[in-house]
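*Asks:* Structure incoming, see below.
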Amino acid sequence: MLLLLLGIIFLHVAALVLLFVSTIVSAWTSGQYGTSDLWQNCTSNGELCNPASTGEWIQSVQALMILSIIFSCLALFLFFCQLFTLQKGGRFFLTGAFQILASLFVMSGAIIYTVMSPDWVPSTDSFGYAYILAWVAFPLALISGIIYVILRKRE
């Protein structure tokens, strides 16, 4: 049981780290002339960085990514609280629900970015590694949320 709990915690922390990195790093799109992300657009040498567009769609992606981080952090905190207070045989429903919500938020943010970025990013640019990390964080968070819902507390 201890090995299972450590595996679940590792999966959750891995998803949380991916969410943090994908939200913070300036590499959602990269091209010959620079990179752009949710917060700023930088030239290729990094000398000039301008704030990101103020369009509603980029603000919604920013908000969804921040919400996914908040819900994932809350889920981890709730897991530790429930681990010590939950009755034997109880399930981690609240933890699982928060983690599933975090995965849905990151998925929604990545979908909005995917759909709207062709209007904003030059066609020569490609999606960067932070964008890919956001897509990788989605199934990790979803799987850990489902495991939390299925998991029962034992002694």
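Here's how to read the names in the structure tokens: chain A, B, ... by the order shown, residue numbers from 1 in each chain, ligand numbers from 1 in the order shown.
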If we count only C-alpha atoms and set the cut-off at 6 Å, which residues sit around range 101-113 of chain A, ignoring sequence neighbours fewer than 2 positions away in its own chain? Please answer as a VMD selection string.
*Replies:* chain A and resid 61 64 to 65 68 71 to 72 98 to 99 115 to 117 138 141 to 142
*Asks:* Which residues in range 11-147 of chain A does DSSP call strand (DSSP E or B)? List them as a PyMOL selection string.
*Replies:* chain A and resi 29-30+34-36+40-43+49-51+91+126-127
*Asks:* When you look at Val136 in chain A with a cut-off of 10 Å (counting only C-alpha atoms), what residues show up, excluding the ones that are within fewer than 2 positions of it in the same chain? I need them as a CSV table (one decimal) with all heavy atoms, in the first residue's frame.
*Replies:*
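Below is the file result17.csv, written as the result:
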chain,number,residue,atom,x,y,z
A,15,ALA,N,2.7,15.7,-12.6
A,15,ALA,CA,1.7,16.5,-13.3
A,15,ALA,C,1.8,18.0,-12.9
A,15,ALA,O,1.7,18.9,-13.7
A,15,ALA,CB,0.3,15.9,-13.1
A,18,LEU,N,4.8,19.7,-14.4
A,18,LEU,CA,4.6,20.0,-15.8
A,18,LEU,C,3.7,21.2,-15.9
A,18,LEU,O,3.9,22.0,-16.8
A,18,LEU,CB,4.0,18.8,-16.5
A,18,LEU,CG,5.0,17.6,-16.7
A,18,LEU,CD1,4.3,16.4,-17.3
A,18,LEU,CD2,6.2,18.0,-17.5
A,19,LEU,N,2.7,21.3,-15.1
A,19,LEU,CA,1.7,22.4,-15.2
A,19,LEU,C,2.5,23.7,-14.9
A,19,LEU,O,2.3,24.7,-15.6
A,19,LEU,CB,0.6,22.3,-14.2
A,19,LEU,CG,-0.5,21.2,-14.6
A,19,LEU,CD1,-1.5,21.0,-13.5
A,19,LEU,CD2,-1.2,21.7,-15.8
A,22,SER,N,5.0,24.5,-17.8
A,22,SER,CA,4.3,24.9,-19.1
A,22,SER,C,3.6,26.3,-18.9
A,22,SER,O,3.5,27.0,-19.9
A,22,SER,CB,3.2,23.9,-19.5
A,22,SER,OG,2.2,23.8,-18.5
A,106,VAL,N,-6.6,22.4,-17.8
A,106,VAL,CA,-5.4,22.5,-18.7
A,106,VAL,C,-5.7,22.1,-20.1
A,106,VAL,O,-5.2,22.6,-21.1
A,106,VAL,CB,-4.2,21.7,-18.1
A,106,VAL,CG1,-4.4,20.2,-18.2
A,106,VAL,CG2,-2.9,22.0,-18.8
A,107,MET,N,-6.6,21.1,-20.3
A,107,MET,CA,-7.1,20.7,-21.6
A,107,MET,C,-7.8,21.8,-22.3
A,107,MET,O,-7.5,22.1,-23.5
A,107,MET,CB,-8.0,19.5,-21.5
A,107,MET,CG,-8.5,19.0,-22.8
A,107,MET,SD,-9.9,17.8,-22.8
A,107,MET,CE,-11.2,18.9,-22.1
A,130,ALA,N,6.8,24.0,-24.1
A,130,ALA,CA,5.9,24.3,-23.0
A,130,ALA,C,4.4,23.9,-23.4
A,130,ALA,O,3.7,23.4,-22.6
A,130,ALA,CB,6.0,25.7,-22.6
A,131,TYR,N,4.1,24.1,-24.6
A,131,TYR,CA,2.8,23.8,-25.1
A,131,TYR,C,2.6,22.2,-25.1
A,131,TYR,O,1.6,21.7,-24.7
A,131,TYR,CB,2.6,24.3,-26.6
A,131,TYR,CG,1.4,23.8,-27.3
A,131,TYR,CD1,0.2,24.3,-27.1
A,131,TYR,CD2,1.5,22.7,-28.2
A,131,TYR,CE1,-1.0,23.8,-27.8
A,131,TYR,CE2,0.4,22.3,-28.9
A,131,TYR,CZ,-0.8,22.8,-28.7
A,131,TYR,OH,-1.9,22.4,-29.3
A,132,ILE,N,3.7,21.5,-25.5
A,132,ILE,CA,3.6,20.1,-25.4
A,132,ILE,C,3.6,19.6,-24.0
A,132,ILE,O,2.8,18.6,-23.7
A,132,ILE,CB,4.8,19.5,-26.2
A,132,ILE,CG1,4.7,19.8,-27.7
A,132,ILE,CG2,5.0,18.0,-26.0
A,132,ILE,CD1,6.0,19.6,-28.5
A,133,LEU,N,4.3,20.2,-23.1
A,133,LEU,CA,4.2,19.8,-21.7
A,133,LEU,C,2.8,20.0,-21.1
A,133,LEU,O,2.4,19.2,-20.3
A,133,LEU,CB,5.2,20.6,-20.9
A,133,LEU,CG,6.7,20.3,-21.1
A,133,LEU,CD1,7.6,21.2,-20.2
A,133,LEU,CD2,7.0,18.9,-20.8
A,134,ALA,N,2.1,21.0,-21.6
A,134,ALA,CA,0.7,21.2,-21.1
A,134,ALA,C,-0.1,20.1,-21.6
A,134,ALA,O,-1.0,19.6,-20.8
A,134,ALA,CB,0.2,22.6,-21.6
A,138,PHE,N,-2.0,17.1,-19.1
A,138,PHE,CA,-3.4,16.7,-19.1
A,138,PHE,C,-3.7,15.3,-18.8
A,138,PHE,O,-4.5,15.0,-17.8
A,138,PHE,CB,-4.1,17.2,-20.4
A,138,PHE,CG,-5.4,16.5,-20.7
A,138,PHE,CD1,-6.5,16.7,-19.9
A,138,PHE,CD2,-5.5,15.6,-21.8
A,138,PHE,CE1,-7.7,16.0,-20.2
A,138,PHE,CE2,-6.7,15.0,-22.1
A,138,PHE,CZ,-7.8,15.2,-21.3
A,139,PRO,N,-3.2,14.3,-19.5
A,139,PRO,CA,-3.5,12.9,-19.2
A,139,PRO,C,-2.9,12.5,-17.8
A,139,PRO,O,-3.5,11.6,-17.2
A,139,PRO,CB,-2.9,12.1,-20.3
A,139,PRO,CG,-1.9,13.0,-21.0
A,139,PRO,CD,-2.3,14.4,-20.7
A,140,LEU,N,-1.8,13.0,-17.4
A,140,LEU,CA,-1.2,12.7,-16.1
A,140,LEU,C,-2.2,13.1,-15.0
A,140,LEU,O,-2.4,12.3,-14.1
A,140,LEU,CB,0.2,13.3,-15.9
A,140,LEU,CG,1.3,12.7,-16.8
A,140,LEU,CD1,2.6,13.4,-16.5
A,140,LEU,CD2,1.5,11.2,-16.6
A,141,ALA,N,-2.7,14.3,-15.1
A,141,ALA,CA,-3.6,14.8,-14.1
A,141,ALA,C,-4.9,14.0,-14.1
A,141,ALA,O,-5.5,13.7,-13.1
A,141,ALA,CB,-3.8,16.3,-14.3
*Asks:* Fewer than 6 positions away in the same chain doesn't count, so skip those; otherwise give me all residues within 6 Å of Val149 in chain A, counting only C-alpha atoms, as a ChimeraX atom specification.
*Replies:* /A:92-93,96
*Asks:* Restricting the output to N, CA, C and O atoms, write the selected residues as a CSV table (one decimal), in the first residue's frame.
*Replies:*
chain,number,residue,atom,x,y,z
A,92,PHE,N,-11.2,8.8,-1.8
A,92,PHE,CA,-10.6,10.2,-1.9
A,92,PHE,C,-11.4,10.9,-3.1
A,92,PHE,O,-10.8,11.4,-4.0
A,93,PHE,N,-12.7,11.1,-2.9
A,93,PHE,CA,-13.6,11.7,-3.9
A,93,PHE,C,-13.2,13.1,-4.2
A,93,PHE,O,-13.1,13.6,-5.3
A,96,GLY,N,-9.9,13.5,-5.9
A,96,GLY,CA,-10.0,13.1,-7.3
A,96,GLY,C,-10.8,14.1,-8.1
A,96,GLY,O,-10.4,14.4,-9.3
*Asks:* Using only C-alpha atoms, which protein or nucleic acid residues come within 9 Å of Val25 in chain A? Drop anything in the same chain fewer than 3 positions from it, and give the result as JSON, numbers by chain.
*Replies:* {"A": [20, 21, 22, 28, 37, 38, 39, 130]}
*Asks:* Suppose we keep N, CA and C atoms; can you now write the selection as a compact mmCIF listing (two decimals), in the first residue's frame?
*Replies:*
# COMPACT_ATOMS: atom_id res chain seq x y z
N PHE A 20 3.32 23.72 -13.81
CA PHE A 20 4.09 24.91 -13.48
C PHE A 20 5.02 25.30 -14.62
N VAL A 21 5.77 24.35 -15.14
CA VAL A 21 6.74 24.65 -16.20
C VAL A 21 6.03 25.16 -17.45
N SER A 22 4.96 24.49 -17.85
CA SER A 22 4.28 24.91 -19.07
C SER A 22 3.63 26.28 -18.93
N TRP A 28 5.68 28.51 -25.73
CA TRP A 28 4.47 27.88 -26.25
C TRP A 28 4.53 27.83 -27.77
N ASP A 37 4.71 33.03 -25.45
CA ASP A 37 4.00 32.19 -24.51
C ASP A 37 2.75 32.93 -24.04
N LEU A 38 2.27 32.54 -22.89
CA LEU A 38 1.05 33.13 -22.36
C LEU A 38 1.27 34.54 -21.83
N TRP A 39 2.51 34.87 -21.50
CA TRP A 39 2.77 36.12 -20.80
C TRP A 39 3.55 37.14 -21.62
N ALA A 130 6.78 23.99 -24.11
CA ALA A 130 5.87 24.28 -23.01
C ALA A 130 4.43 23.92 -23.39
